[in-house]
Structures are given as C-alpha cells and as structure tokens.
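S.K.: Dropping in input.txt, which is compact mmCIF, C-alpha atoms:
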# COMPACT_ATOMS: atom_id res chain seq x y z
CA MET A 1 22.72 44.51 83.02
CA ARG A 2 24.54 43.92 86.27
CA LEU A 3 28.25 43.38 86.38
CA SER A 4 30.04 41.85 89.34
CA GLY A 5 33.49 40.60 90.12
CA GLU A 6 34.33 38.40 93.07
CA GLY A 7 37.75 37.66 94.49
CA LEU A 8 39.51 38.81 91.33
CA ALA A 9 43.28 38.51 91.17
CA ALA A 10 45.63 39.42 88.38
CA ASP A 11 49.00 37.93 87.68
CA ARG A 12 51.36 39.92 85.46
CA GLY A 13 54.57 38.15 84.66
CA GLY A 14 54.59 36.04 87.82
CA ARG A 15 53.79 38.95 90.13
CA MET A 16 50.39 39.42 91.74
CA VAL A 17 49.21 42.92 90.85
CA PHE A 18 46.15 42.68 93.06
CA GLU A 19 44.22 39.99 94.89
CA ALA A 20 40.71 39.50 96.25
CA ILE A 21 39.09 42.43 94.48
CA SER A 22 35.30 42.42 94.47
CA PHE A 23 32.80 44.88 93.09
CA THR A 24 29.24 45.10 91.81
CA LEU A 25 27.89 47.54 89.30
CA GLY A 26 24.27 47.99 88.28
CA PRO A 27 22.54 49.93 85.50
CA GLY A 28 23.15 53.65 85.75
CA GLU A 29 26.03 53.23 88.18
CA MET A 30 29.60 54.36 87.91
CA LEU A 31 32.55 52.74 89.65
CA ALA A 32 35.71 54.78 90.10
CA VAL A 33 38.88 52.73 90.44
CA THR A 34 41.57 54.63 92.28
CA GLY A 35 45.04 53.87 93.50
CA PRO A 36 48.67 54.83 92.99
CA ASN A 37 50.63 54.10 89.82
CA GLY A 38 51.16 50.40 89.38
CA ALA A 39 48.30 49.43 91.66
CA GLY A 40 46.62 47.58 88.78
CA LYS A 41 43.85 49.96 87.72
CA SER A 42 44.47 49.40 84.02
CA THR A 43 44.95 45.69 84.61
CA LEU A 44 41.55 45.50 86.32
CA LEU A 45 39.86 47.26 83.39
CA ARG A 46 41.57 44.99 80.85
CA LEU A 47 40.51 42.02 82.91
CA VAL A 48 36.87 43.14 82.90
CA ALA A 49 37.11 43.75 79.14
CA GLY A 50 38.25 40.18 78.68
CA LEU A 51 41.65 41.17 77.32
CA LEU A 52 43.31 39.43 80.27
CA ARG A 53 42.30 36.32 82.16
CA PRO A 54 41.93 36.60 85.91
CA ALA A 55 44.39 34.49 87.92
CA ALA A 56 41.58 33.84 90.37
CA GLY A 57 38.02 34.90 91.00
CA THR A 58 34.99 35.21 88.77
CA LEU A 59 33.51 37.92 86.64
CA ARG A 60 29.78 37.76 86.10
CA ALA A 61 27.33 39.67 83.94
CA GLU A 62 23.58 39.26 84.44
CA PRO A 63 21.88 38.80 82.11
CA ALA A 64 24.94 37.48 80.31
CA PRO A 65 25.34 38.93 76.80
CA GLU A 66 24.90 36.23 74.15
CA ALA A 67 28.29 36.79 72.56
CA GLY A 68 30.15 37.11 75.87
CA LEU A 69 30.90 40.07 78.09
CA SER A 70 33.52 41.39 75.68
CA SER A 71 30.84 42.10 73.10
CA ALA A 72 29.06 44.42 75.54
CA VAL A 73 32.00 46.63 76.50
CA HIS A 74 33.66 49.69 75.12
CA TYR A 75 37.29 49.86 76.15
CA PHE A 76 38.76 53.35 76.20
CA GLY A 77 42.42 52.85 76.99
CA HIS A 78 45.54 54.98 76.84
CA LEU A 79 45.87 54.53 73.09
CA ASP A 80 43.52 56.27 70.71
CA ALA A 81 43.35 53.62 67.95
CA LEU A 82 43.30 56.26 65.22
CA LYS A 83 45.04 55.71 61.89
CA PRO A 84 47.06 58.86 61.20
CA THR A 85 46.61 58.87 57.42
CA LEU A 86 42.82 58.46 57.48
CA THR A 87 40.40 61.29 58.15
CA VAL A 88 38.54 61.61 61.42
CA ALA A 89 35.30 60.57 59.70
CA ASP A 90 36.96 57.52 58.11
CA ASN A 91 38.44 56.47 61.44
CA LEU A 92 35.09 56.68 63.17
CA GLY A 93 33.29 55.04 60.26
CA TYR A 94 35.72 52.15 60.47
CA TRP A 95 35.08 51.53 64.14
CA ARG A 96 31.35 51.90 63.61
CA SER A 97 31.46 49.13 60.96
CA VAL A 98 33.71 46.91 63.06
CA TYR A 99 31.60 47.38 66.20
CA GLY A 100 28.33 47.22 64.28
CA GLY A 101 26.88 50.50 65.46
CA THR A 102 24.26 52.74 63.95
CA GLY A 103 25.23 56.09 65.50
CA ASP A 104 25.64 59.18 63.38
CA ILE A 105 29.31 60.14 62.98
CA GLU A 106 28.67 63.85 62.71
CA ALA A 107 26.44 63.85 65.77
CA ALA A 108 29.06 61.91 67.75
CA LEU A 109 31.78 64.37 66.77
CA ASP A 110 29.47 67.24 67.58
CA ALA A 111 28.99 65.77 71.04
CA VAL A 112 32.72 66.04 71.68
CA GLY A 113 32.83 69.47 70.03
CA LEU A 114 34.88 68.48 66.98
CA ALA A 115 32.29 68.40 64.19
CA HIS A 116 34.37 70.89 62.18
CA LEU A 117 37.32 68.45 61.98
CA LEU A 118 35.37 65.75 60.15
CA ASP A 119 37.60 65.71 57.06
CA LEU A 120 40.95 66.32 58.70
CA PRO A 121 43.52 63.49 58.70
CA ALA A 122 43.94 62.20 62.23
CA GLU A 123 47.67 62.97 62.17
CA ARG A 124 46.86 66.69 62.20
CA LEU A 125 45.01 66.52 65.52
CA SER A 126 46.44 67.59 68.85
CA ALA A 127 46.72 65.09 71.70
CA GLY A 128 43.54 66.37 73.33
CA GLN A 129 41.65 66.33 70.05
CA ARG A 130 42.76 62.77 69.35
CA ARG A 131 41.50 61.82 72.77
CA ARG A 132 38.13 63.43 72.09
CA VAL A 133 37.79 61.70 68.71
CA ALA A 134 38.62 58.41 70.42
CA LEU A 135 35.91 59.20 72.96
CA SER A 136 33.35 59.81 70.22
CA ARG A 137 34.01 56.22 69.14
CA LEU A 138 31.97 55.14 72.17
CA LEU A 139 29.04 57.16 70.86
CA VAL A 140 28.80 55.78 67.30
CA SER A 141 28.12 52.23 68.47
CA GLU A 142 25.92 51.46 71.41
CA ARG A 143 27.38 49.24 74.15
CA PRO A 144 26.18 49.12 77.75
CA VAL A 145 29.53 48.93 79.58
CA TRP A 146 32.12 51.69 79.30
CA LEU A 147 35.59 50.91 80.62
CA LEU A 148 37.49 54.18 80.78
CA ASP A 149 41.19 54.18 81.58
CA GLU A 150 42.11 57.65 82.82
CA PRO A 151 39.68 59.25 80.39
CA ALA A 152 40.60 62.82 81.33
CA THR A 153 44.23 62.57 80.21
CA ALA A 154 45.17 65.41 77.84
CA LEU A 155 41.72 66.99 78.07
CA ASP A 156 41.27 70.71 78.82
CA ALA A 157 38.80 72.00 81.42
CA ALA A 158 35.96 72.38 78.92
CA ALA A 159 36.53 68.92 77.53
CA GLU A 160 36.59 67.48 81.05
CA ALA A 161 33.18 68.98 81.68
CA MET A 162 32.02 67.51 78.37
CA LEU A 163 33.37 64.10 79.42
CA GLY A 164 31.33 64.40 82.62
CA ARG A 165 28.20 65.16 80.59
CA LEU A 166 28.76 62.22 78.24
CA ILE A 167 29.23 59.83 81.16
CA ALA A 168 26.12 61.23 82.85
CA ALA A 169 24.11 60.75 79.64
CA HIS A 170 25.35 57.17 79.32
CA LEU A 171 24.43 56.43 82.93
CA ALA A 172 21.02 58.04 82.48
CA GLY A 173 20.40 55.61 79.62
CA GLY A 174 21.03 52.67 81.94
CA GLY A 175 24.67 52.21 81.04
CA LEU A 176 27.50 51.07 83.30
CA VAL A 177 30.75 52.95 83.66
CA MET A 178 33.97 51.76 85.21
CA ALA A 179 36.71 54.37 85.21
CA ALA A 180 40.29 54.31 86.44
CA ILE A 181 41.05 57.81 87.65
CA HIS A 182 43.69 59.80 89.46
CA ARG A 183 41.90 63.10 89.80
CA PRO A 184 38.15 63.44 90.39
CA LEU A 185 36.10 63.64 87.19
CA ALA A 186 33.39 66.20 86.54
CA ILE A 187 30.89 63.60 87.66
CA GLU A 188 30.61 61.99 91.09
CA PRO A 189 30.97 58.17 90.94
CA THR A 190 28.35 55.95 92.54
CA THR A 191 30.95 53.76 94.22
CA ARG A 192 34.70 53.74 94.63
CA LEU A 193 37.20 50.95 94.58
CA ALA A 194 40.60 51.72 96.01
CA LEU A 195 43.41 49.44 94.92
CA GLY A 196 46.37 49.06 97.22
CA ALA A 197 49.88 50.34 96.75
CA ALA A 198 52.20 48.55 94.37
CA PRO A 199 54.07 45.85 96.28
CA MET B 1 29.88 40.33 61.36
CA ILE B 2 30.42 40.22 57.58
CA GLN B 3 30.32 43.99 57.63
CA ALA B 4 32.94 44.13 60.38
CA LEU B 5 35.28 41.76 58.55
CA ALA B 6 34.80 43.59 55.27
CA ALA B 7 35.65 46.86 57.04
CA ILE B 8 38.82 45.33 58.53
CA ALA B 9 39.94 43.93 55.17
CA GLY B 10 39.10 47.16 53.39
CA GLN B 11 40.94 49.33 55.88
CA THR B 12 44.01 47.08 55.81
CA ALA B 13 44.14 47.36 52.01
CA ARG B 14 43.51 51.11 52.10
CA LEU B 15 46.21 51.78 54.68
CA ARG B 16 48.66 49.73 52.65
CA PHE B 17 47.99 51.91 49.63
CA ARG B 18 48.07 55.16 51.59
CA GLY B 19 50.80 54.70 54.15
CA GLY B 20 53.78 55.88 52.18
CA GLY B 21 52.94 53.81 49.09
CA GLY B 22 53.49 50.49 50.87
CA ALA B 23 51.82 48.52 48.08
CA LEU B 24 53.84 50.29 45.41
CA VAL B 25 57.06 49.50 47.24
CA GLY B 26 56.31 45.79 46.80
CA LEU B 27 55.53 46.28 43.13
CA VAL B 28 58.69 48.31 42.49
CA PHE B 29 60.74 45.71 44.35
CA PHE B 30 59.17 42.99 42.19
CA LEU B 31 60.02 45.00 39.09
CA ALA B 32 63.58 45.50 40.32
CA VAL B 33 64.19 41.78 40.92
CA VAL B 34 62.78 40.84 37.53
CA THR B 35 64.70 43.48 35.56
CA ILE B 36 68.00 42.87 37.30
CA VAL B 37 68.17 39.10 36.72
CA PRO B 38 68.65 39.38 32.91
CA PHE B 39 71.66 41.61 33.54
CA ALA B 40 73.09 39.02 35.90
CA VAL B 41 72.51 35.89 33.82
CA GLY B 42 73.17 37.49 30.45
CA PRO B 43 71.01 38.12 27.38
CA ASP B 44 70.37 34.46 26.59
CA LEU B 45 66.67 34.55 25.73
CA ASN B 46 66.24 30.78 25.81
CA LEU B 47 67.69 30.55 29.28
CA LEU B 48 65.61 33.49 30.47
CA SER B 49 62.36 32.12 29.19
CA ARG B 50 63.18 28.79 30.80
CA ILE B 51 63.88 30.26 34.24
CA GLY B 52 61.37 33.11 33.79
CA PRO B 53 58.57 31.60 35.93
CA ALA B 54 61.07 30.92 38.72
CA ILE B 55 62.33 34.52 38.63
CA LEU B 56 58.78 35.86 38.76
CA TRP B 57 57.98 33.60 41.69
CA ILE B 58 61.10 34.57 43.64
CA GLY B 59 60.34 38.23 43.00
CA ALA B 60 56.75 37.78 44.16
CA LEU B 61 57.81 35.87 47.27
CA LEU B 62 60.29 38.52 48.38
CA ALA B 63 57.93 41.38 47.53
CA THR B 64 55.18 39.72 49.56
CA LEU B 65 57.41 39.48 52.63
CA LEU B 66 58.41 43.11 52.31
CA GLY B 67 55.42 44.85 53.85
CA LEU B 68 54.28 42.09 56.15
CA ASP B 69 56.02 43.11 59.37
CA ARG B 70 53.59 46.00 59.95
CA LEU B 71 50.46 43.90 59.43
CA PHE B 72 49.66 43.59 63.13
CA GLN B 73 52.42 45.71 64.66
CA ASP B 74 50.73 49.00 63.69
CA ASP B 75 47.44 47.86 65.19
CA ARG B 76 49.19 46.80 68.34
CA ASP B 77 51.07 50.09 68.64
CA ASP B 78 48.02 52.32 68.25
CA GLY B 79 45.68 50.24 70.40
CA SER B 80 43.48 49.00 67.53
CA LEU B 81 44.36 45.40 68.25
CA ASP B 82 42.85 45.52 71.75
CA LEU B 83 39.66 46.96 70.33
CA MET B 84 39.46 44.27 67.66
CA PHE B 85 39.44 41.61 70.37
CA LEU B 86 36.29 43.23 71.72
CA ALA B 87 34.63 43.85 68.37
CA GLY B 88 32.67 40.62 68.17
CA PRO B 89 34.00 38.51 65.28
CA PRO B 90 36.36 35.75 66.49
CA ILE B 91 39.98 36.90 66.31
CA GLU B 92 40.69 34.02 63.90
CA LEU B 93 38.43 35.67 61.35
CA VAL B 94 39.96 39.07 62.08
CA VAL B 95 43.38 37.60 61.22
CA LEU B 96 41.97 36.24 57.96
CA ALA B 97 40.31 39.55 57.13
CA LYS B 98 43.56 41.42 57.72
CA ALA B 99 45.54 38.90 55.67
CA PHE B 100 42.99 39.15 52.86
CA GLY B 101 43.17 42.94 52.89
CA HIS B 102 46.94 42.75 52.79
CA TRP B 103 46.81 40.34 49.87
CA LEU B 104 44.43 42.61 47.96
CA ALA B 105 46.95 45.42 48.22
CA THR B 106 50.14 43.41 47.69
CA GLY B 107 49.62 39.89 46.28
CA LEU B 108 46.94 40.76 43.75
CA PRO B 109 48.91 43.65 42.14
CA LEU B 110 51.91 41.32 41.87
CA ALA B 111 49.85 38.69 40.06
CA ILE B 112 48.42 41.37 37.76
CA ALA B 113 51.86 42.78 37.02
CA ALA B 114 53.40 39.35 36.39
CA PRO B 115 52.37 38.98 32.71
CA PHE B 116 53.88 42.37 31.84
CA LEU B 117 57.11 41.60 33.63
CA GLY B 118 57.11 38.15 32.06
CA LEU B 119 57.41 39.85 28.67
CA LEU B 120 60.72 41.31 29.81
CA LEU B 121 61.93 37.77 30.40
CA GLY B 122 60.82 36.56 26.98
CA LEU B 123 58.16 34.17 28.28
CA GLU B 124 55.83 32.69 25.68
CA PRO B 125 52.09 33.41 26.03
CA LEU B 126 51.26 30.04 27.56
CA ALA B 127 53.98 30.42 30.19
CA LEU B 128 52.79 33.97 30.92
CA GLY B 129 49.28 32.70 31.52
CA ALA B 130 50.43 29.76 33.63
CA THR B 131 52.74 31.88 35.78
CA THR B 132 50.04 34.48 36.35
CA LEU B 133 47.54 31.80 37.28
CA THR B 134 49.92 30.13 39.72
CA LEU B 135 50.75 33.50 41.29
CA LEU B 136 47.07 34.30 41.62
CA VAL B 137 46.45 31.00 43.40
CA GLY B 138 49.76 30.85 45.28
CA THR B 139 50.31 34.36 46.65
CA PRO B 140 47.43 34.02 49.15
CA ALA B 141 49.41 31.15 50.68
CA LEU B 142 52.49 33.37 50.96
CA THR B 143 50.46 36.10 52.65
CA ALA B 144 48.79 33.60 54.97
CA VAL B 145 52.09 32.07 56.08
CA GLY B 146 53.49 35.57 56.44
CA ALA B 147 50.53 36.63 58.56
CA VAL B 148 51.48 34.04 61.18
CA GLY B 149 54.98 35.50 61.29
CA ALA B 150 53.55 39.01 61.49
CA ALA B 151 51.27 38.00 64.36
CA LEU B 152 54.19 36.41 66.22
CA ALA B 153 56.35 39.48 65.62
CA ALA B 154 53.60 41.74 66.94
CA ALA B 155 53.07 39.49 69.94
CA PHE B 156 56.72 39.65 70.91
CA GLY B 157 57.30 43.20 69.76
CA ARG B 158 60.09 42.26 67.34
CA GLY B 159 59.60 43.08 63.71
CA GLY B 160 61.70 43.24 60.61
CA ILE B 161 64.14 40.48 59.92
CA LEU B 162 62.55 38.06 62.39
CA ILE B 163 59.55 37.68 60.12
CA ALA B 164 61.66 36.80 57.10
CA VAL B 165 63.62 34.24 59.11
CA LEU B 166 60.44 32.69 60.53
CA VAL B 167 58.40 32.73 57.38
CA LEU B 168 60.81 31.91 54.59
CA PRO B 169 61.22 28.17 55.32
CA PHE B 170 57.46 27.68 55.32
CA THR B 171 57.03 29.38 51.97
CA ILE B 172 59.39 26.98 50.21
CA PRO B 173 56.72 24.34 49.42
CA VAL B 174 54.55 27.06 47.89
CA LEU B 175 57.50 28.21 45.81
CA ILE B 176 58.34 24.66 44.67
CA PHE B 177 54.84 23.78 43.53
CA GLY B 178 54.13 27.23 42.12
CA VAL B 179 57.22 27.16 39.94
CA SER B 180 56.81 23.53 38.93
CA ALA B 181 53.21 24.12 37.87
CA ALA B 182 54.21 27.19 35.89
CA THR B 183 57.10 25.43 34.12
CA ALA B 184 55.09 22.24 33.60
CA ALA B 185 52.62 24.20 31.49
CA VAL B 186 55.27 24.72 28.81
CA THR B 187 57.54 21.69 29.29
CA GLU B 188 56.04 18.80 27.40
CA PRO B 189 55.91 15.52 29.31
CA GLN B 190 55.25 17.15 32.66
CA PRO B 191 51.56 17.53 33.57
CA PHE B 192 50.36 20.94 34.79
CA LEU B 193 47.45 19.84 36.93
CA PRO B 194 49.03 17.84 39.80
CA PRO B 195 51.46 20.54 41.00
CA PHE B 196 48.76 23.17 40.45
CA LEU B 197 46.27 21.27 42.59
CA ILE B 198 48.88 20.81 45.31
CA LEU B 199 49.51 24.56 45.17
CA THR B 200 45.78 25.16 45.59
CA ALA B 201 45.72 22.77 48.52
CA LEU B 202 48.69 24.57 50.09
CA THR B 203 46.79 27.85 49.84
CA LEU B 204 43.70 26.38 51.49
CA VAL B 205 45.64 24.68 54.27
CA SER B 206 47.83 27.69 55.01
CA THR B 207 44.74 29.90 55.20
CA ILE B 208 43.29 27.75 57.96
CA VAL B 209 46.63 27.41 59.73
CA ALA B 210 47.12 31.18 59.51
CA ALA B 211 43.76 31.84 61.14
CA VAL B 212 44.36 29.50 64.06
CA ALA B 213 48.08 30.12 64.57
CA GLY B 214 47.85 33.88 63.99
CA ALA B 215 45.02 34.21 66.50
CA ALA B 216 46.91 32.11 69.05
CA ALA B 217 49.98 34.33 68.65
CA LEU B 218 47.96 37.51 69.09
CA ARG B 219 46.28 36.07 72.20
CA VAL B 220 49.66 35.30 73.72
CA GLY B 221 50.68 38.87 72.90
CA LEU B 222 47.86 40.23 75.03
CA GLU B 223 49.09 38.62 78.23
Can you present the structure in this file as structure tokens?

M.R.:
Amino acid sequence: MRLSGEGLAADRGGRMVFEAISFTLGPGEMLAVTGPNGAGKSTLLRLVAGLLRPAAGTLRAEPAPEAGLSSAVHYFGHLDALKPTLTVADNLGYWRSVYGGTGDIEAALDAVGLAHLLDLPAERLSAGQRRRVALSRLLVSERPVWLLDEPATALDAAAEAMLGRLIAAHLAGGGLVMAAIHRPLAIEPTTRLALGAAP
Amino acid sequence: MIQALAAIAGQTARLRFRGGGGALVGLVFFLAVVTIVPFAVGPDLNLLSRIGPAILWIGALLATLLGLDRLFQDDRDDGSLDLMFLAGPPIELVVLAKAFGHWLATGLPLAIAAPFLGLLLGLEPLALGATTLTLLVGTPALTAVGAVGAALAAAFGRGGILIAVLVLPFTIPVLIFGVSAATAAVTEPQPFLPPFLILTALTLVSTIVAAVAGAAALRVGLE
C-alpha cells in the first residue's frame, strides 16, 4: 500500500496549524514528522488516521482499503487506552476482538518484554510499562499503517531499542510507519517531514 | 464486526460491574427510593399498591441516569474512543453496543429486582408481572436516551448534572407510557396493550435516534 498526502492543511478552532503539507510513503518506509511543540505533528497523525478532516488537500491510499483508510491504521497516541481495573491480558484481548486480529497475546507481550505481567491489573503498571502494553496492541492485530505519536515517551533505553526493533520488523513486513518524534528513535527514518514553528 | 461489537458491549458491562460496583450503586439507589416512599406516604397499603408501579418506574428512571455520565467520558479520557473510531464498525453501532452493555449491567438488574421490591409496596401478582414487563421493555429506551446525553457530555467534556438536565425531559414519554401500561394491567376498564405497544415503539425509536445522535455527538467531540 502507498500512502500520500497532498497540500494538506489543518484547521483547529479557526487557526491554521499547518498548510500545504505533502508526503508520500511506500511499503517498508518510515516517515518521521518533526517540529517544535504546537507545530501540528499530532494533528497531522490524527488527520491521516481519519480522526480529523483536513481543511484542504487530499489524502490518498493506493490500493484503497475497502473499508476506508481508517480501517488500515493503528493509531498509537499519547493515551494508552488501558482500563485500569482489567488485567493486561484482558485489555489486549479486548482490543484484539475490537480490531479483529489473530495475534497471540502472550507472544505480543513477550515482544515488548512484559510476558510476566499477563495477569496484573493495568492500574498496577508503571508509566513505561503501560506504554509498552499499549504498544503490544499493535502486534495482536495486523494493520499495515502505524501512526506513532511520540512513541518513545516514558520508555527506558532498553525499551527504546525494543521499539526500534518492532518498527524495523513491521517495515520489513511491508508495513508503513509515520512517527511524530522529538528525539531520534533507535531506527533511522526513510524520509523526514519538518513542520514549521507554531505561528 | 459482530465480534467487535460483542466485545465492546461485554467490556462495557464488565467495567460497570467492576469499577467500584457501579451497577450495584444503581440497584441500591433503586432499593432506597422504593423503601423510602412508604415512610413518606404512610402505611396505607391500598394507596401504596395503587402508586406502586409509578414508584418502581421513578426509581428505575433515576437509577438508570445515575451511572450514565461515565459511559463515553471514560473512553474519551483514556484514549479508547479514538481507537474505536478506527476499529471498523460504524460508530453508530459502537454507540449501540456500548448502550446495550450499559443496559445489561444497569437496566436489566433493575427489571429483575422490580418484582421483589414490588412486594415491599404490596403490589398484587398481576401488577408485579406487568411492572416488570414494562420495565424490561422500557428501560432500554431510558438507557438509549441517556446514551445521547452521555455522548454529548463526553463531546463537550462536561459530565454530571448536565446529563440529567438534558436527558430527563426526553424520558418523560417513556415514564408516562410505562406507568400507564403497568397500572392499566390491574385497573379494569383501561386496556393494557395500547400503552404497552407505544412503550415498545418508544424503545425502538429511541434506539435508532440514540445511534445516530450519539454518533453525531461523538464525531463533533473529535474536532
């Protein structure tokens, strides 16, 4: 699948966050979105996910997924979407059912190094662990496009390296990754997109 | 898609039971309303059995509204709502699945508890059955109307009392026809079926309205 945006603009509460943003992304490629706080990195990712409508410009996926682009993306935002009273396994099982995946929960947790926390309620996890569990959500159901919003937040050095490996594995399988980042990740992006300063 | 919706409904019901006994709070509140009324109106058993269905309905209505404000707010706060938009099933069906899960954990227990609480009010067997039946058919409408309020509250980030203010006026028709069907079952010349069928129709209509209006509110909340 190829993903491209042309002349994208986003309007948040009557203020243009960015204008005339274009990019293309092919299978196995990673796009790093950089820029200062408020430059619209998160907005751009939400726009690609279909959570926001662009004020101008077009977003195209080829071949277009039958159920729309939204059905082909994993959105990994600032919030972890974990229910504190449910166990880690229940949380992941829920998202696997909702997203219609077939991935093994234990294997996914093992990939983020948390297989031993399977039966722990999510409220007992540390911030970094929550982040890693949220990341394993992308592994239990297969979707070609990963939209990562500052994925390294709260991760320690080892987990950052692990994040790099997971992204590399996804790219090797023909996946697309679009990541908003401040600091370089453990993996070198194929292309970069620098958003301007906040007006 | 069925699997996804079943998972959403199931998790909503499960969280309601787990998160600090949310479902039990509704039930205890229901019990409190029903037990307090006889103290207020006095021990006149004839009067109580006459207004019994109405008391049960008022209790059920207020208990239903009790836990509704968190229906979408929690999902919005922890980021689940965003992910549900990307899950695949149309958000209209997600709203219905969440409302159904909420009803399973709140409305259904109320309907099941109603015959036991009706005994406290001295209702005769026929009235007990009729009230339970109307609650079973009518509480989904209360939850559906409430779900629209919950979606609006989540969209605008204001919970609590706003929902009650928004939702209460729209639940009045359900209350009227629910109570009139339940009382008609035991009051002679009045027929049971017409108000009961209108109640059923209200449930069906409010389910559809809830799906469309709830989804529209959540979409606005994204922007």

S.K.: Measuring between all atoms listed in the file, which one of A:Gly50, A:Pro65, A:Pro36, A:Gly7 shows the shortest distance to chain B?

M.R.: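 Smallest separation from chain B among the options: A:Gly50.
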
S.K.: Pull out every residue of chain B sitting within 12 Å of chain A, counting all atoms listed in the file, and send them as a count of residues only.

M.R.: 46

S.K.: Using all atoms listed in the file, which of the listed residues (A:Ala115, A:Val17, A:Ala159, A:Leu171) sits closest to Arg131 of chain A?

M.R.: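 Smallest distance to Arg131 of chain A is found for A:Ala159.
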
S.K.: Got a sec to check which residues sit within 12 Å of (56.5, 36.9, 28.3), counting only C-alpha atoms, and write them as a PyMOL selection string?

M.R.: chain B and resi 34+45-46+48-53+56+113-132

S.K.: Take the point (61.9, 40.2, 48.9) in the file's coordinates, draw a sphere of radius 9 Å around it, and report as a list of chain:residue names every protein, DNA or RNA residue with an atom inside or on it, counting all atoms listed in the file.

M.R.: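 Checking each residue against the 9 Å limit leaves B:Gly26, B:Phe29, B:Phe30, B:Val33, B:Ile58, B:Gly59, B:Ala60, B:Leu61, B:Leu62, B:Ala63, B:Thr64, B:Leu65, B:Leu66, B:Ala164.
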
S.K.: If I take atom CA of Leu47 of chain A and atom CA of Phe18 of chain A, how far is one from the other in Å, to one decimal?

M.R.: 11.6 Å

S.K.: Using atom CA of Ala150 of chain B and atom CA of Val205 of chain B as the two end points, give the distance in Å to one decimal.

M.R.: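 Straight-line distance from atom CA of Ala150 of chain B to atom CA of Val205 of chain B works out to 17.9 Å.
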